[in-house]
Amino acid sequence: MAITVTPRPNLVPSSELLPDVLPTERLNQRAKPTRQLRDELRRIPNGRNAVAVVSTLLQSFGVVIAAALLNTWWSYLVAFLLMTRGHVCLNILAHEAAHRLLFSNRRANDWVGRFLMAYPSYQAMLAYRRAHFAHHRDEMGPNEPDTSLYAGYPIPADSWRRKLTRDAIGISAYKNFKVLIRAIRRRKSEALQILAVHVVMVGASIVFMRPLAYVVWIASWSSLWRVSNRLRAIAEHGGMIRSSDRRQTTHVIRQTLIVRYWMVPYHTGWHLAHHVDMGVPWHNLPRLHAELVASGWVIPQLEYPSYRAFWRAASSGVEGGRGPASDTVSFLAFDD
C-alpha cells in the first residue's frame with residue numbers, strides 16, 4: 001500500500017524512495033521513453049481531442065447558456081459551482097495547446113487553444129507558452145516563472161488558510177486582473193485579443209438580456225477556480241527542489257475519480273509522467289506513468305495516497321509563520 005512521504009523542511013522524497021534502475025529497454029537514463037515507445041506515446045489523437053474540445057465547450061459555455069435559458073436563481077448557482085470544472089477543463093486543454101499537443105495541425109492547435117480554450121478563461125496562451133517552457137526546461141531553476149508559488153512548503157497551516165481564503169474571496173483574481181488591465185493599457189496584442197473575446201461574451205449576455213450569465217462566468221473563475229488551481233499547482237511541485245531527477249521536482253499522487261472530475265481531468269494528475277516527457281499528449285500520460293512504475297523507477301512508497309494527504313503534509317509547518325506569497329501565476333506575465 002502507498003504511504004505518505006514523511007514531511008521535511010521541504011517535501012522532497014528521501015533517497016531510499018528513488019531507486020537507481022535506469023536505463024531499461026523502454027526508458028532511457030532520464031526516464032524518457034526510448035524511440036519505438038516514444039513514437040507510440042507521442043502520437044496526437046486529433047479525433048479524440050476534437051471530442052474533448054466539444055465536451056469542454058459544453059461543460060463551460062453550455063453550462064452557462066443552460067443557466068441563462070432557465071434564468072432562475074438556482075440555475076445560476078448550479079452554473080457557478082459547475083464552472084469550477086468548466087474553467088479547469090478550458091485551462092487544461094489550453095495547456096495542451098501550449099505544448100502543441102491538441103491538434104497535429106499547428107494553426108488549428110493554436111487557434112482553438114487560444115480563442116476557444118485560453119482566452120475565454122483569461123489565459124494568455126502565447127505568453128504562457130514561453131514561460132511554461134522555461135518551467136519544463138529547469139524546474140525550480142533560475143528561470144522558473146513560478147518559484148514563489150512552489151517554494152517554502154510545507155507552510156504553516158494558518159498561512160495555508162490565508163492563501164485559500166484570498167483565492168476564495170477574489171483577492172488573487174484581482175491581482176491577476178491588474179496584470180491583464182496593465183497589459184491592455186500598454187496595447188499588448190494578446191491582452192487586446194483576450195479583451196475582444198470578453199467584449200463579445202459580455203455583449204452576447206446583454207443582447208440576450210442575461211447579464212448574470214457573464215457574472216457567473218467571471219465570479220466562478222475569480223473564486224472557486226482560483227482555489228482549485230492553487231490546490232492543483234501545489235500538489236504538482238510544492239516544496240520540491242531543482243534536480244535532473246524529475247522525482248525530486250514533481251509529486252506523485254494517487255488519482256481518484258472525484259478528484260479527476262473536479263480538479264485534474266484529462267489525466268492532468270499524472271504530472272510526473274508529463275514532466276518526464278512533455279511531448280506526450282494527455283491521453284497517454286497514464287501509459288507512460290505505468291511504464292515508470294513497471295521499470296521500478298516509481299515505487300509505491302513515493303506516491304501520496306490522496307490529495308488530502310498531500311495537502312496535510314504541505315500545511316504541516318509551525319503555526320504563526322509565513323509561507324511564500326504568490327497569487328499571480330505566470331500565464332498573465334505579458335512579455336515586452
# chains A, B, ... in the order shown; residues from 1 in each chain; ligands from 1
call {"tool": "closest_atom_pairs", "arguments": {"of": "stretch 57-109 of chain A", "to": "stretch 29-48 of chain A", "cutoff": "7 Å", "atoms": "only C-alpha atoms", "output": "Markdown table"}}
result
| residue | atom | partner | partner_atom | distance |
| --- | --- | --- | --- | --- |
| A:Leu101 | CA | A:Ile44 | CA | 6.2 |
| A:Phe103 | CA | A:Asn46 | CA | 5.4 |
| A:Ser104 | CA | A:Ile44 | CA | 6.2 |
call {"tool": "residues_around", "arguments": {"residues": "stretch 106-112 of chain A", "least_positions_apart": "3", "cutoff": "9 Å", "atoms": "only C-alpha atoms", "output": "tab-separated table (two decimals) with C-alpha atoms, in the first residue's frame"}}
result
chain	number	residue	atom	x	y	z
A	53	VAL	CA	-12.81	20.33	-27.11
A	94	ALA	CA	-5.22	25.40	-23.35
A	97	ALA	CA	-2.39	23.51	-26.96
A	98	ALA	CA	0.50	25.47	-25.44
A	100	ARG	CA	1.28	21.92	-29.38
A	101	LEU	CA	-0.36	18.62	-28.48
A	102	LEU	CA	-4.03	19.47	-29.00
A	103	PHE	CA	-4.02	19.06	-32.81
A	115	PHE	CA	-9.68	31.64	-28.85
A	116	LEU	CA	-11.85	28.76	-27.62
A	117	MET	CA	-9.91	27.48	-24.60
A	118	ALA	CA	-7.43	30.01	-23.18
A	125	MET	CA	-1.63	31.27	-24.12
A	126	LEU	CA	1.32	32.57	-26.13
call {"tool": "residues_around", "arguments": {"residues": "stretch 268-280 of chain A", "least_positions_apart": "2", "cutoff": "6 Å", "atoms": "only C-alpha atoms", "output": "list in words"}}
result
Lys32, Leu41, Arg42, Thr250, Val264, Pro265, Tyr266, Leu285, Leu288 and His289 of chain A
call {"tool": "residues_around", "arguments": {"residues": "stretch 231-239 of chain A", "least_positions_apart": "3", "cutoff": "7 Å", "atoms": "only C-alpha atoms", "output": "ChimeraX atom specification"}}
result
/A:10-12,150-154,227-228,249-251,263,271,310
call {"tool": "write_last_selection", "arguments": {"atoms": "C-alpha atoms", "output": "mmCIF file, in the first residue's frame"}}
result
data_model
loop_
_atom_site.group_PDB
_atom_site.id
_atom_site.type_symbol
_atom_site.label_atom_id
_atom_site.label_comp_id
_atom_site.auth_asym_id
_atom_site.auth_seq_id
_atom_site.Cartn_x
_atom_site.Cartn_y
_atom_site.Cartn_z
ATOM 1 C CA ASN A 10 10.777 20.635 2.121
ATOM 2 C CA LEU A 11 8.662 17.910 0.555
ATOM 3 C CA VAL A 12 11.403 16.172 -1.424
ATOM 4 C CA TYR A 150 6.127 26.462 -5.218
ATOM 5 C CA ALA A 151 8.859 27.403 -2.752
ATOM 6 C CA GLY A 152 8.748 27.255 1.017
ATOM 7 C CA TYR A 153 6.484 24.248 1.540
ATOM 8 C CA PRO A 154 5.461 22.859 3.922
ATOM 9 C CA VAL A 227 -8.893 27.716 -5.052
ATOM 10 C CA SER A 228 -8.871 24.657 -7.315
ATOM 11 C CA THR A 249 10.794 18.165 -8.857
ATOM 12 C CA THR A 250 7.298 16.704 -9.258
ATOM 13 C CA HIS A 251 5.000 14.873 -6.838
ATOM 14 C CA MET A 263 -9.634 19.251 -10.362
ATOM 15 C CA HIS A 271 2.074 15.047 -13.695
ATOM 16 C CA PHE A 310 -0.518 15.703 0.343
#
call {"tool": "closest_residue", "arguments": {"among": "A:Asn176, A:Asn105, A:Ser295, A:Asn28", "to": "A:Trp221", "atoms": "only C-alpha atoms"}}
result
A:Asn176
call {"tool": "atom_distance", "arguments": {"atom1": "atom CA of A:Ala127", "atom2": "atom CA of A:Asp245"}}
result
27.0 Å
call {"tool": "select_by_dssp", "arguments": {"residues": "stretch 137-213 of chain A", "states": "helix (DSSP H, G or I)", "output": "PyMOL selection string"}}
result
chain A and resi 137+147-150+157-168+171-185+189-207+211-213
call {"tool": "residues_around", "arguments": {"residues": "A:Ile169", "least_positions_apart": "3", "cutoff": "7 Å", "atoms": "only C-alpha atoms", "output": "JSON, numbers by chain"}}
result
{"A": [165, 166, 223]}
call {"tool": "residues_around", "arguments": {"residues": "A:Glu16", "least_positions_apart": "4", "cutoff": "12 Å", "atoms": "only C-alpha atoms", "output": "PDB file with N, CA and C atoms, in the first residue's frame"}}
result
ATOM      1  N   VAL A   5       4.879  10.313   2.165  1.00  0.00           N
ATOM      2  CA  VAL A   5       6.262  10.661   2.441  1.00  0.00           C
ATOM      3  C   VAL A   5       6.308  11.518   3.695  1.00  0.00           C
ATOM      4  N   VAL A  12      10.642  17.016  -0.498  1.00  0.00           N
ATOM      5  CA  VAL A  12      11.403  16.172  -1.424  1.00  0.00           C
ATOM      6  C   VAL A  12      11.527  14.764  -0.853  1.00  0.00           C
ATOM      7  N   ASP A  20      17.753   3.587  -8.276  1.00  0.00           N
ATOM      8  CA  ASP A  20      18.542   3.815  -9.491  1.00  0.00           C
ATOM      9  C   ASP A  20      18.439   2.578 -10.378  1.00  0.00           C
ATOM     10  N   ARG A 247      11.737  13.035 -10.149  1.00  0.00           N
ATOM     11  CA  ARG A 247      11.090  12.586  -8.919  1.00  0.00           C
ATOM     12  C   ARG A 247      11.344  13.561  -7.769  1.00  0.00           C
ATOM     13  N   TRP A 297      11.246   2.531 -11.385  1.00  0.00           N
ATOM     14  CA  TRP A 297      11.727   3.905 -11.145  1.00  0.00           C
ATOM     15  C   TRP A 297      10.793   4.664 -10.211  1.00  0.00           C
ATOM     16  N   VAL A 298       9.487   4.405 -10.332  1.00  0.00           N
ATOM     17  CA  VAL A 298       8.494   4.948  -9.402  1.00  0.00           C
ATOM     18  C   VAL A 298       7.989   3.795  -8.555  1.00  0.00           C
ATOM     19  N   ILE A 299       8.201   3.877  -7.253  1.00  0.00           N
ATOM     20  CA  ILE A 299       7.777   2.816  -6.349  1.00  0.00           C
ATOM     21  C   ILE A 299       6.543   3.271  -5.564  1.00  0.00           C
ATOM     22  N   GLN A 301       5.877   3.576  -2.477  1.00  0.00           N
ATOM     23  CA  GLN A 301       6.129   4.442  -1.332  1.00  0.00           C
ATOM     24  C   GLN A 301       6.367   5.901  -1.724  1.00  0.00           C
ATOM     25  N   LEU A 302       6.602   6.141  -3.001  1.00  0.00           N
ATOM     26  CA  LEU A 302       6.804   7.514  -3.475  1.00  0.00           C
ATOM     27  C   LEU A 302       5.477   8.246  -3.646  1.00  0.00           C
TER      28      LEU A 302
END
